[in-house]
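Enquirer: File name entry.pdb; file contents PDB, C-alpha atoms; full text below.
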```pdb
MODEL        1
ATOM      1  CA  MET A1044       0.000   0.000   0.000
ATOM      2  CA  VAL A1045       1.209   3.487  -0.875
ATOM      3  CA  ALA A1046      -0.722   6.333   0.730
ATOM      4  CA  GLU A1047      -2.677   8.757  -1.391
ATOM      5  CA  ARG A1048      -1.607  12.363  -0.992
ATOM      6  CA  LEU A1049      -3.740  14.697   1.107
ATOM      7  CA  ASP A1050      -2.722  17.636  -1.036
ATOM      8  CA  GLY A1051      -3.178  20.856   0.895
ATOM      9  CA  LYS A1052      -2.234  23.000  -2.085
ATOM     10  CA  LEU A1053      -5.020  21.620  -4.261
ATOM     11  CA  CYS A1054      -7.544  21.784  -1.442
ATOM     12  CA  ALA A1055      -6.529  25.366  -0.594
ATOM     13  CA  ALA A1056      -6.968  26.336  -4.251
ATOM     14  CA  SER A1057     -10.546  25.018  -4.139
ATOM     15  CA  VAL A1058     -11.220  27.045  -0.967
ATOM     16  CA  GLU A1059      -9.837  30.186  -2.591
ATOM     17  CA  GLU A1060     -11.963  29.607  -5.696
ATOM     18  CA  GLU A1061     -15.066  29.457  -3.515
ATOM     19  CA  LEU A1062     -14.026  32.577  -1.602
ATOM     20  CA  GLN A1063     -13.661  34.678  -4.739
ATOM     21  CA  GLY A1064     -17.422  34.763  -5.275
ATOM     22  CA  ARG A1065     -18.038  35.666  -1.641
ATOM     23  CA  ILE A1066     -15.466  38.466  -1.801
ATOM     24  CA  ILE A1067     -17.118  39.877  -4.920
ATOM     25  CA  ALA A1068     -20.493  39.782  -3.150
ATOM     26  CA  CYS A1069     -19.029  41.693  -0.202
ATOM     27  CA  LYS A1070     -17.555  44.352  -2.439
ATOM     28  CA  GLU A1071     -20.856  44.754  -4.278
ATOM     29  CA  LYS A1072     -22.323  45.709  -0.891
ATOM     30  CA  GLY A1073     -19.539  48.228  -0.310
ATOM     31  CA  ILE A1074     -17.604  45.998   2.093
ATOM     32  CA  ALA A1075     -13.943  45.346   1.302
ATOM     33  CA  PRO A1076     -12.643  42.427   3.431
ATOM     34  CA  HIS A1077      -9.619  43.714   5.330
ATOM     35  CA  LEU A1078      -7.041  41.800   7.395
ATOM     36  CA  ALA A1079      -4.388  43.315   9.670
ATOM     37  CA  VAL A1080      -1.337  41.215  10.542
ATOM     38  CA  VAL A1081       0.868  42.318  13.439
ATOM     39  CA  ILE A1082       4.369  40.877  13.714
ATOM     40  CA  VAL A1083       6.727  41.628  16.578
ATOM     41  CA  GLY A1084      10.440  40.937  16.239
ATOM     42  CA  ASP A1085      12.604  39.476  13.504
ATOM     43  CA  ASP A1086      11.988  35.723  13.717
ATOM     44  CA  PRO A1087      12.688  34.502  10.142
ATOM     45  CA  ALA A1088      10.013  31.795  10.142
ATOM     46  CA  SER A1089       7.378  34.253  11.354
ATOM     47  CA  HIS A1090       8.216  36.649   8.549
ATOM     48  CA  VAL A1091       7.904  33.819   6.011
ATOM     49  CA  TYR A1092       4.450  32.958   7.387
ATOM     50  CA  VAL A1093       3.317  36.569   7.384
ATOM     51  CA  ASN A1094       4.509  37.117   3.822
ATOM     52  CA  SER A1095       2.545  34.034   2.744
ATOM     53  CA  LYS A1096      -0.576  35.498   4.326
ATOM     54  CA  VAL A1097      -0.032  38.874   2.682
ATOM     55  CA  ARG A1098       0.418  37.171  -0.711
ATOM     56  CA  ALA A1099      -2.802  35.210  -0.212
ATOM     57  CA  CYS A1100      -4.673  38.445   0.518
ATOM     58  CA  LYS A1101      -3.293  40.007  -2.646
ATOM     59  CA  ARG A1102      -4.206  36.941  -4.699
ATOM     60  CA  LEU A1103      -7.807  37.061  -3.491
ATOM     61  CA  GLY A1104      -8.312  40.815  -3.478
ATOM     62  CA  ILE A1105      -8.486  41.068   0.316
ATOM     63  CA  LYS A1106      -7.051  44.289   1.667
ATOM     64  CA  SER A1107      -4.138  43.674   4.038
ATOM     65  CA  THR A1108      -2.375  45.872   6.544
ATOM     66  CA  HIS A1109       1.053  44.667   7.655
ATOM     67  CA  ILE A1110       2.298  46.109  10.960
ATOM     68  CA  GLU A1111       5.909  45.363  11.969
ATOM     69  CA  LEU A1112       7.145  46.168  15.469
ATOM     70  CA  ALA A1113      10.564  45.748  17.036
ATOM     71  CA  ALA A1114      11.278  42.870  19.409
ATOM     72  CA  SER A1115      12.092  45.500  22.033
ATOM     73  CA  SER A1116       8.519  46.853  21.910
ATOM     74  CA  THR A1117       6.677  46.823  25.212
ATOM     75  CA  GLU A1118       3.533  44.842  25.845
ATOM     76  CA  ALA A1119       1.733  48.142  26.416
ATOM     77  CA  GLU A1120       2.637  49.213  22.872
ATOM     78  CA  ILE A1121       1.159  45.998  21.449
ATOM     79  CA  ARG A1122      -1.967  46.536  23.513
ATOM     80  CA  ASP A1123      -2.331  50.034  22.055
ATOM     81  CA  VAL A1124      -2.035  48.628  18.517
ATOM     82  CA  ILE A1125      -4.699  45.998  19.196
ATOM     83  CA  HIS A1126      -7.092  48.548  20.713
ATOM     84  CA  ARG A1127      -6.607  50.801  17.687
ATOM     85  CA  LEU A1128      -7.316  47.937  15.275
ATOM     86  CA  ASN A1129     -10.386  46.877  17.288
ATOM     87  CA  SER A1130     -11.856  50.343  16.862
ATOM     88  CA  ASP A1131     -11.204  50.530  13.107
ATOM     89  CA  ALA A1132     -14.601  49.859  11.521
ATOM     90  CA  SER A1133     -13.026  49.241   8.101
ATOM     91  CA  LEU A1134     -11.019  46.313   9.481
ATOM     92  CA  HIS A1135     -12.527  42.822   9.764
ATOM     93  CA  GLY A1136      -9.675  40.579  10.885
ATOM     94  CA  ILE A1137      -6.769  40.944  13.314
ATOM     95  CA  LEU A1138      -3.914  38.467  13.590
ATOM     96  CA  VAL A1139      -0.974  38.782  15.977
ATOM     97  CA  GLN A1140       1.726  36.490  14.625
ATOM     98  CA  SER A1141       3.034  33.882  17.048
ATOM     99  CA  PRO A1142       5.461  33.532  18.721
ATOM    100  CA  LEU A1143       5.801  36.854  20.487
ATOM    101  CA  PRO A1144       8.985  37.859  22.320
ATOM    102  CA  PRO A1145       9.330  36.063  25.680
ATOM    103  CA  HIS A1146       8.663  39.190  27.748
ATOM    104  CA  MET A1147       5.086  39.355  26.441
ATOM    105  CA  ASP A1148       1.991  37.483  27.634
ATOM    106  CA  GLU A1149       0.715  36.063  24.357
ATOM    107  CA  GLU A1150      -2.565  34.722  25.701
ATOM    108  CA  ALA A1151      -3.413  38.003  27.443
ATOM    109  CA  LEU A1152      -2.800  39.919  24.226
ATOM    110  CA  THR A1153      -4.936  37.473  22.246
ATOM    111  CA  ASP A1154      -7.739  38.030  24.754
ATOM    112  CA  LEU A1155      -7.735  41.740  23.844
ATOM    113  CA  ILE A1156      -8.696  41.130  20.221
ATOM    114  CA  ASP A1157     -12.365  41.751  19.438
ATOM    115  CA  PRO A1158     -13.820  38.202  19.146
ATOM    116  CA  SER A1159     -15.588  39.167  15.920
ATOM    117  CA  LYS A1160     -12.185  40.099  14.431
ATOM    118  CA  ASP A1161     -10.295  37.150  15.917
ATOM    119  CA  VAL A1162      -9.556  35.409  12.619
ATOM    120  CA  ASP A1163      -7.043  33.085  14.313
ATOM    121  CA  GLY A1164      -9.917  31.694  16.391
ATOM    122  CA  PHE A1165      -7.928  31.768  19.636
ATOM    123  CA  HIS A1166     -10.052  34.152  21.723
ATOM    124  CA  PRO A1167     -11.710  32.413  24.712
ATOM    125  CA  GLN A1168     -15.128  33.401  23.372
ATOM    126  CA  ASN A1169     -14.510  31.664  20.054
ATOM    127  CA  LEU A1170     -12.944  28.598  21.661
ATOM    128  CA  GLY A1171     -15.851  28.518  24.103
ATOM    129  CA  ARG A1172     -18.349  28.393  21.249
ATOM    130  CA  LEU A1173     -16.438  25.446  19.865
ATOM    131  CA  VAL A1174     -16.653  23.660  23.217
ATOM    132  CA  GLN A1175     -20.427  24.173  23.039
ATOM    133  CA  GLY A1176     -20.436  22.422  19.673
ATOM    134  CA  ARG A1177     -21.129  25.641  17.786
ATOM    135  CA  LEU A1178     -19.267  25.938  14.500
ATOM    136  CA  ASP A1179     -20.644  29.343  13.510
ATOM    137  CA  GLY A1180     -17.847  31.383  15.089
ATOM    138  CA  MET A1181     -14.203  31.908  14.171
ATOM    139  CA  LEU A1182     -12.632  28.458  14.115
ATOM    140  CA  PRO A1183      -8.882  27.976  14.670
ATOM    141  CA  CYS A1184      -7.346  27.905  11.218
ATOM    142  CA  THR A1185      -5.161  24.805  11.348
ATOM    143  CA  PRO A1186      -7.749  22.441  12.879
ATOM    144  CA  SER A1187     -10.496  23.694  10.569
ATOM    145  CA  GLY A1188      -8.070  23.348   7.647
ATOM    146  CA  VAL A1189      -7.513  19.703   8.578
ATOM    147  CA  MET A1190     -11.270  19.114   8.629
ATOM    148  CA  ARG A1191     -11.723  20.765   5.241
ATOM    149  CA  MET A1192      -8.901  18.685   3.769
ATOM    150  CA  LEU A1193     -10.462  15.452   5.046
ATOM    151  CA  LYS A1194     -13.810  16.476   3.569
ATOM    152  CA  TRP A1195     -12.125  17.376   0.268
ATOM    153  CA  ALA A1196     -10.697  13.841   0.124
ATOM    154  CA  ASN A1197     -14.184  12.375   0.846
ATOM    155  CA  ILE A1198     -12.969  10.714   4.030
ATOM    156  CA  ASP A1199     -15.947   9.678   6.150
ATOM    157  CA  LEU A1200     -15.160  10.175   9.839
ATOM    158  CA  THR A1201     -18.448   8.805  11.176
ATOM    159  CA  GLY A1202     -17.737   6.349  13.960
ATOM    160  CA  GLN A1203     -14.030   6.262  13.162
ATOM    161  CA  ARG A1204     -11.460   6.088  15.939
ATOM    162  CA  ALA A1205      -9.426   9.298  15.736
ATOM    163  CA  VAL A1206      -6.288  10.078  17.716
ATOM    164  CA  VAL A1207      -4.919  13.604  18.097
ATOM    165  CA  LEU A1208      -1.300  13.793  19.195
ATOM    166  CA  GLY A1209      -0.872  17.012  21.174
ATOM    167  CA  ARG A1210      -3.187  19.042  23.374
ATOM    168  CA  SER A1211      -2.300  22.659  22.632
ATOM    169  CA  ARG A1212      -5.047  25.272  22.638
ATOM    170  CA  ILE A1213      -3.977  26.238  19.105
ATOM    171  CA  VAL A1214      -4.217  22.844  17.414
ATOM    172  CA  GLY A1215      -4.612  19.727  19.548
ATOM    173  CA  MET A1216      -7.634  20.500  21.718
ATOM    174  CA  PRO A1217      -9.701  22.341  19.080
ATOM    175  CA  GLN A1218      -8.835  19.576  16.622
ATOM    176  CA  ALA A1219     -10.233  16.975  18.999
ATOM    177  CA  LEU A1220     -13.419  19.015  19.429
ATOM    178  CA  LEU A1221     -13.919  19.368  15.674
ATOM    179  CA  LEU A1222     -13.357  15.667  15.011
ATOM    180  CA  GLY A1223     -15.903  14.751  17.672
ATOM    181  CA  ALA A1224     -18.466  17.421  16.767
ATOM    182  CA  LYS A1225     -21.848  16.548  15.307
ATOM    183  CA  GLY A1226     -21.463  16.123  11.581
ATOM    184  CA  ALA A1227     -17.940  14.722  11.891
ATOM    185  CA  ASP A1228     -18.862  12.168  14.561
ATOM    186  CA  ALA A1229     -15.486  10.539  15.148
ATOM    187  CA  THR A1230     -14.621   8.929  18.473
ATOM    188  CA  VAL A1231     -11.624  10.904  19.682
ATOM    189  CA  THR A1232      -8.654  10.206  21.938
ATOM    190  CA  VAL A1233      -6.086  12.881  22.780
ATOM    191  CA  VAL A1234      -2.533  11.591  23.233
ATOM    192  CA  HIS A1235      -0.062  13.780  25.132
ATOM    193  CA  SER A1236       3.217  13.639  27.003
ATOM    194  CA  ARG A1237       1.666  11.797  29.962
ATOM    195  CA  THR A1238      -0.180   9.179  27.922
ATOM    196  CA  LYS A1239       0.848   5.614  28.723
ATOM    197  CA  ASP A1240       1.954   3.609  25.677
ATOM    198  CA  ALA A1241       1.085   6.272  23.090
ATOM    199  CA  GLN A1242       2.246   3.976  20.305
ATOM    200  CA  ALA A1243      -0.327   1.315  21.203
ATOM    201  CA  VAL A1244      -3.112   3.927  21.315
ATOM    202  CA  CYS A1245      -2.160   5.256  17.884
ATOM    203  CA  ALA A1246      -1.918   1.750  16.421
ATOM    204  CA  GLN A1247      -5.683   1.341  16.980
ATOM    205  CA  ALA A1248      -6.618   4.584  15.242
ATOM    206  CA  ASP A1249      -8.404   4.932  11.918
ATOM    207  CA  VAL A1250      -7.365   8.599  11.736
ATOM    208  CA  ILE A1251      -4.292  10.217  13.286
ATOM    209  CA  VAL A1252      -3.616  13.958  13.465
ATOM    210  CA  ALA A1253      -0.042  14.564  14.625
ATOM    211  CA  ALA A1254       0.611  17.988  16.162
ATOM    212  CA  ILE A1255       3.375  17.496  18.697
ATOM    213  CA  GLY A1256       6.354  19.366  17.229
ATOM    214  CA  ARG A1257       8.755  16.408  17.359
ATOM    215  CA  PRO A1258      10.287  15.589  13.968
ATOM    216  CA  GLU A1259       9.351  12.204  12.522
ATOM    217  CA  MET A1260       8.284  10.810  15.891
ATOM    218  CA  VAL A1261       5.359   8.883  14.412
ATOM    219  CA  THR A1262       6.849   5.905  12.598
ATOM    220  CA  ALA A1263       5.251   3.136  10.578
ATOM    221  CA  ASP A1264       4.933   0.834  13.591
ATOM    222  CA  TRP A1265       2.617   3.405  15.190
ATOM    223  CA  ILE A1266       0.145   3.149  12.299
ATOM    224  CA  LYS A1267      -2.664   0.700  11.644
ATOM    225  CA  PRO A1268      -2.648  -0.439   8.003
ATOM    226  CA  GLY A1269      -4.956   1.800   5.996
ATOM    227  CA  ALA A1270      -5.139   4.606   8.551
ATOM    228  CA  VAL A1271      -5.525   8.228   7.480
ATOM    229  CA  VAL A1272      -2.617  10.320   8.753
ATOM    230  CA  VAL A1273      -2.531  14.116   8.881
ATOM    231  CA  ASP A1274       0.854  15.635   9.692
ATOM    232  CA  VAL A1275       0.503  19.091  11.256
ATOM    233  CA  GLY A1276       4.146  19.318  12.320
ATOM    234  CA  ILE A1277       6.715  21.412  10.521
ATOM    235  CA  ASN A1278      10.185  21.162  12.021
ATOM    236  CA  ARG A1279      13.552  22.379  10.826
ATOM    237  CA  VAL A1280      16.161  19.610  11.153
ATOM    238  CA  ASP A1281      19.855  19.522  10.303
ATOM    239  CA  ASP A1282      20.699  17.772   7.042
ATOM    240  CA  ALA A1283      24.276  17.856   5.779
ATOM    241  CA  THR A1284      23.158  16.456   2.411
ATOM    242  CA  ARG A1285      21.265  19.654   1.642
ATOM    243  CA  GLU A1286      23.062  22.707   0.319
ATOM    244  CA  ARG A1287      21.458  24.896   2.960
ATOM    245  CA  GLY A1288      22.322  22.393   5.708
ATOM    246  CA  TRP A1289      18.750  21.716   6.838
ATOM    247  CA  ARG A1290      15.387  20.433   5.692
ATOM    248  CA  LEU A1291      11.767  20.601   6.785
ATOM    249  CA  ALA A1292      10.313  17.539   8.462
ATOM    250  CA  GLY A1293       6.888  16.756   9.817
ATOM    251  CA  ASP A1294       5.966  14.918  12.993
ATOM    252  CA  VAL A1295       5.388  11.804  10.861
ATOM    253  CA  HIS A1296       8.178   9.710   9.358
ATOM    254  CA  PRO A1297       8.009   9.386   5.532
ATOM    255  CA  ASP A1298       7.922   5.576   5.839
ATOM    256  CA  VAL A1299       4.338   5.900   7.108
ATOM    257  CA  ALA A1300       3.362   6.411   3.452
ATOM    258  CA  GLU A1301       3.931   2.680   2.914
ATOM    259  CA  LYS A1302       1.267   1.779   5.481
ATOM    260  CA  ALA A1303      -1.323   4.571   5.547
ATOM    261  CA  SER A1304      -4.175   5.013   3.068
ATOM    262  CA  TRP A1305      -3.832   8.817   3.067
ATOM    263  CA  LEU A1306      -0.965  11.028   4.234
ATOM    264  CA  SER A1307      -0.542  14.793   4.133
ATOM    265  CA  PRO A1308       2.891  15.994   2.959
ATOM    266  CA  VAL A1309       5.241  18.423   4.713
ATOM    267  CA  PRO A1310       5.454  20.981   3.276
ATOM    268  CA  GLY A1311       2.381  21.296   1.048
ATOM    269  CA  GLY A1312      -0.203  19.725   3.319
ATOM    270  CA  VAL A1313      -1.686  21.474   6.339
ATOM    271  CA  GLY A1314       0.311  24.706   5.830
ATOM    272  CA  PRO A1315      -1.556  25.954   2.743
ATOM    273  CA  MET A1316      -4.840  24.987   4.376
ATOM    274  CA  THR A1317      -4.087  27.069   7.471
ATOM    275  CA  ILE A1318      -3.675  30.152   5.291
ATOM    276  CA  ALA A1319      -6.774  29.314   3.248
ATOM    277  CA  MET A1320      -8.882  29.085   6.407
ATOM    278  CA  LEU A1321      -7.461  32.381   7.641
ATOM    279  CA  MET A1322      -8.709  33.930   4.411
ATOM    280  CA  GLU A1323     -12.103  32.274   4.923
ATOM    281  CA  ASN A1324     -12.352  33.586   8.482
ATOM    282  CA  THR A1325     -11.550  37.087   7.226
ATOM    283  CA  VAL A1326     -14.278  36.879   4.593
ATOM    284  CA  ARG A1327     -16.727  35.468   7.159
ATOM    285  CA  ALA A1328     -15.951  38.373   9.481
ATOM    286  CA  ALA A1329     -16.637  40.822   6.654
ATOM    287  CA  GLU A1330     -19.920  39.095   5.842
ATOM    288  CA  GLN A1331     -21.010  39.182   9.476
ATOM    289  CA  ASN A1332     -20.175  42.893   9.526
ATOM    290  CA  ASP A1333     -23.022  43.326   7.032
ATOM    291  CA  ASN A1334     -25.553  41.598   9.300
TER
ENDMDL
END
```
Go ahead and render the structure in this file as structure tokens.
Expert:
Amino acid sequence: MVAERLDGKLCAASVEEELQGRIIACKEKGIAPHLAVVIVGDDPASHVYVNSKVRACKRLGIKSTHIELAASSTEAEIRDVIHRLNSDASLHGILVQSPLPPHMDEEALTDLIDPSKDVDGFHPQNLGRLVQGRLDGMLPCTPSGVMRMLKWANIDLTGQRAVVLGRSRIVGMPQALLLGAKGADATVTVVHSRTKDAQAVCAQADVIVAAIGRPEMVTADWIKPGAVVVDVGINRVDDATRERGWRLAGDVHPDVAEKASWLSPVPGGVGPMTIAMLMENTVRAAEQNDN
């Protein structure tokens, strides 16, 4: 068995195609979807991510505002920026790029964002709606991107045993909630650092979503033959065979492709879907602004 490719690029392109009509409809009503991205510091990976988001906005005709602040900025300065963006009626989405410098309280700053503009889906109000089983709010982009990719591949989750590796508030926990929500109807187990015999738990799963940030930890002996495997991880690892001296690796070892039925690649899997869902959240926020 060789796994079929859960191609995030193709799925993201289909999402963007759908969004184009919705963006046109907004503009016909005099509403121009507008996203503001705030980045603090000079982390190279963060700048790559932000540039990808800005390019996606340009591709779709979404207005974007890119705010760069020095790593030495105070938390009070970031708070002032967020308050200013909250009060800007022409702005529909606010994203503060993670990670922030260590002297800042990232969760407290996220809590300041107007929930209706929280296109990352991290505000307690939006996460709380998800806990209630409500999918009408701003959903976290990576978990909702995984769900859209599974739907795109016509993978039926009903009654399937799903394992989520990782319990972060950004990916793991919201992912588990989405997989178990009505309409998806998987039976979900969350595996984390304190789980006993994580390998044995994963080996019983029909669907695995790996989001633990440990390169190639999930090997073929963790996987039940025919399982669907979604690799959320993106890790930079040393590789002397590459000219640049490093390569990108997921949380899942490439050998899993010989055992799984579906496998998302790294890169080109969940990453493009995360950006596509950010664009969708921005458009949804603009549409709700009209209500």
Enquirer: List the residues matched by the PyMOL selection byres ((chain A and resi 1207-1209) around 8) in the displayed structure as an MDAnalysis selection string, ordered by chain and then by residue number.
Expert: chainID A and resid 1205:1206 1210:1211 1214:1216 1218:1219 1231:1236 1251:1255
Enquirer: Excluding same-chain residues fewer than 4 positions from stretch 1101-1112 of chain A, what lies within 8 Å of it counting only C-alpha atoms, as a PDB file with C-alpha atoms, keeping the file's coordinate frame?
Expert:
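Output contents, as saved in around27.pdb:
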```
ATOM      1  CA  GLU A1059      -9.837  30.186  -2.591  1.00  0.00           C
ATOM      2  CA  LEU A1062     -14.026  32.577  -1.602  1.00  0.00           C
ATOM      3  CA  GLN A1063     -13.661  34.678  -4.739  1.00  0.00           C
ATOM      4  CA  ILE A1066     -15.466  38.466  -1.801  1.00  0.00           C
ATOM      5  CA  ALA A1075     -13.943  45.346   1.302  1.00  0.00           C
ATOM      6  CA  PRO A1076     -12.643  42.427   3.431  1.00  0.00           C
ATOM      7  CA  HIS A1077      -9.619  43.714   5.330  1.00  0.00           C
ATOM      8  CA  LEU A1078      -7.041  41.800   7.395  1.00  0.00           C
ATOM      9  CA  ALA A1079      -4.388  43.315   9.670  1.00  0.00           C
ATOM     10  CA  VAL A1080      -1.337  41.215  10.542  1.00  0.00           C
ATOM     11  CA  VAL A1081       0.868  42.318  13.439  1.00  0.00           C
ATOM     12  CA  ILE A1082       4.369  40.877  13.714  1.00  0.00           C
ATOM     13  CA  VAL A1083       6.727  41.628  16.578  1.00  0.00           C
ATOM     14  CA  GLY A1084      10.440  40.937  16.239  1.00  0.00           C
ATOM     15  CA  VAL A1097      -0.032  38.874   2.682  1.00  0.00           C
ATOM     16  CA  SER A1116       8.519  46.853  21.910  1.00  0.00           C
TER      17      SER A1116
END
```
Enquirer: Using all atoms listed in the file, which residues sit within 12 Å of A:Asp1086 once same-chain residues fewer than 3 positions away are excluded, as an MDAnalysis selection string?
Expert: chainID A and resid 1082:1083 1089:1093 1111:1114 1140:1144
Enquirer: Closest to A:His1146 among A:Arg1172, A:Arg1127, A:Ala1119, A:Met1190, using all atoms listed in the file?
Expert: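 Residue with the minimum atom-to-atom distance to A:His1146: A:Ala1119.
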Enquirer: The PyMOL selection byres ((chain A and resi 1330) around 10) - which residues does that actually catch in the file I just gave you? List them as JSON, numbers by chain.
Expert: {"A": [1065, 1066, 1068, 1069, 1072, 1074, 1075, 1076, 1135, 1324, 1325, 1326, 1327, 1328, 1329, 1331, 1332, 1333, 1334]}
Enquirer: Calculated over all atoms listed in the file, which of the candidates A:Thr1185, A:Thr1153, A:Ser1304, A:Ser1057 has the smallest distance to A:Pro1167?
Expert: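 So, comparing all the options, the nearest one is A:Thr1153.
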Enquirer: Hey, can you check how far atom CA of A:Arg1122 sits from atom CA of A:Ser1095?
Expert: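 These atoms are spaced 24.7 Å apart.
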Enquirer: Could you give me, as a PyMOL selection string, the residues within 9 Å of stretch 1272-1280 of chain A, counting only C-alpha atoms and dropping anything in the same chain fewer than 3 positions from it?
Expert: chain A and resi 1049+1185+1189+1193+1214+1249-1259+1266+1288-1295+1299-1300+1303-1310+1312-1314
Enquirer: Give the answer as one residue: which of A:Ala1056, A:Met1316, A:Ala1246, A:Ala1132 has the shortest atom-to-atom distance to A:Ala1270, using only C-alpha atoms?
Expert: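 Of A:Ala1056, A:Met1316, A:Ala1246, A:Ala1132, the one nearest A:Ala1270 is A:Ala1246, counting only C-alpha atoms.
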Enquirer: Rank A:Ala1248, A:Val1162, A:Leu1053, A:Ile1137 by their smallest atom-to-atom distance to A:Gly1202, using all atoms listed in the file, and report the top residue only.
Expert: A:Ala1248
Enquirer: Starting from the sparse input, extend stretch 1104-1116 of chain A to N, CA and C atoms and give the output as a short mmCIF file (atom, residue, chain, number, x, y, z; two decimals), keeping the file's coordinate frame.
Expert:
```cif
data_model
loop_
_atom_site.label_atom_id
_atom_site.label_comp_id
_atom_site.auth_asym_id
_atom_site.auth_seq_id
_atom_site.Cartn_x
_atom_site.Cartn_y
_atom_site.Cartn_z
N GLY A 1104 -7.71 39.49 -3.50
CA GLY A 1104 -8.31 40.82 -3.48
C GLY A 1104 -8.79 41.24 -2.11
N ILE A 1105 -8.20 40.66 -1.06
CA ILE A 1105 -8.49 41.07 0.32
C ILE A 1105 -7.47 42.14 0.70
N LYS A 1106 -7.96 43.23 1.24
CA LYS A 1106 -7.05 44.29 1.67
C LYS A 1106 -6.25 43.81 2.88
N SER A 1107 -4.95 44.08 2.89
CA SER A 1107 -4.14 43.67 4.04
C SER A 1107 -3.33 44.85 4.56
N THR A 1108 -3.22 44.90 5.86
CA THR A 1108 -2.38 45.87 6.54
C THR A 1108 -1.32 45.09 7.32
N HIS A 1109 -0.07 45.40 7.08
CA HIS A 1109 1.05 44.67 7.66
C HIS A 1109 1.76 45.60 8.64
N ILE A 1110 1.72 45.26 9.92
CA ILE A 1110 2.30 46.11 10.96
C ILE A 1110 3.49 45.39 11.58
N GLU A 1111 4.69 45.95 11.41
CA GLU A 1111 5.91 45.36 11.97
C GLU A 1111 6.38 46.19 13.16
N LEU A 1112 6.67 45.51 14.26
CA LEU A 1112 7.14 46.17 15.47
C LEU A 1112 8.43 45.50 15.94
N ALA A 1113 9.28 46.27 16.57
CA ALA A 1113 10.56 45.75 17.04
C ALA A 1113 10.37 44.77 18.19
N ALA A 1114 11.32 43.83 18.31
CA ALA A 1114 11.28 42.87 19.41
C ALA A 1114 11.37 43.56 20.76
N SER A 1115 11.95 44.75 20.78
CA SER A 1115 12.09 45.50 22.03
C SER A 1115 10.82 46.26 22.42
N SER A 1116 9.78 46.17 21.59
CA SER A 1116 8.52 46.85 21.91
C SER A 1116 7.97 46.35 23.25
#
```
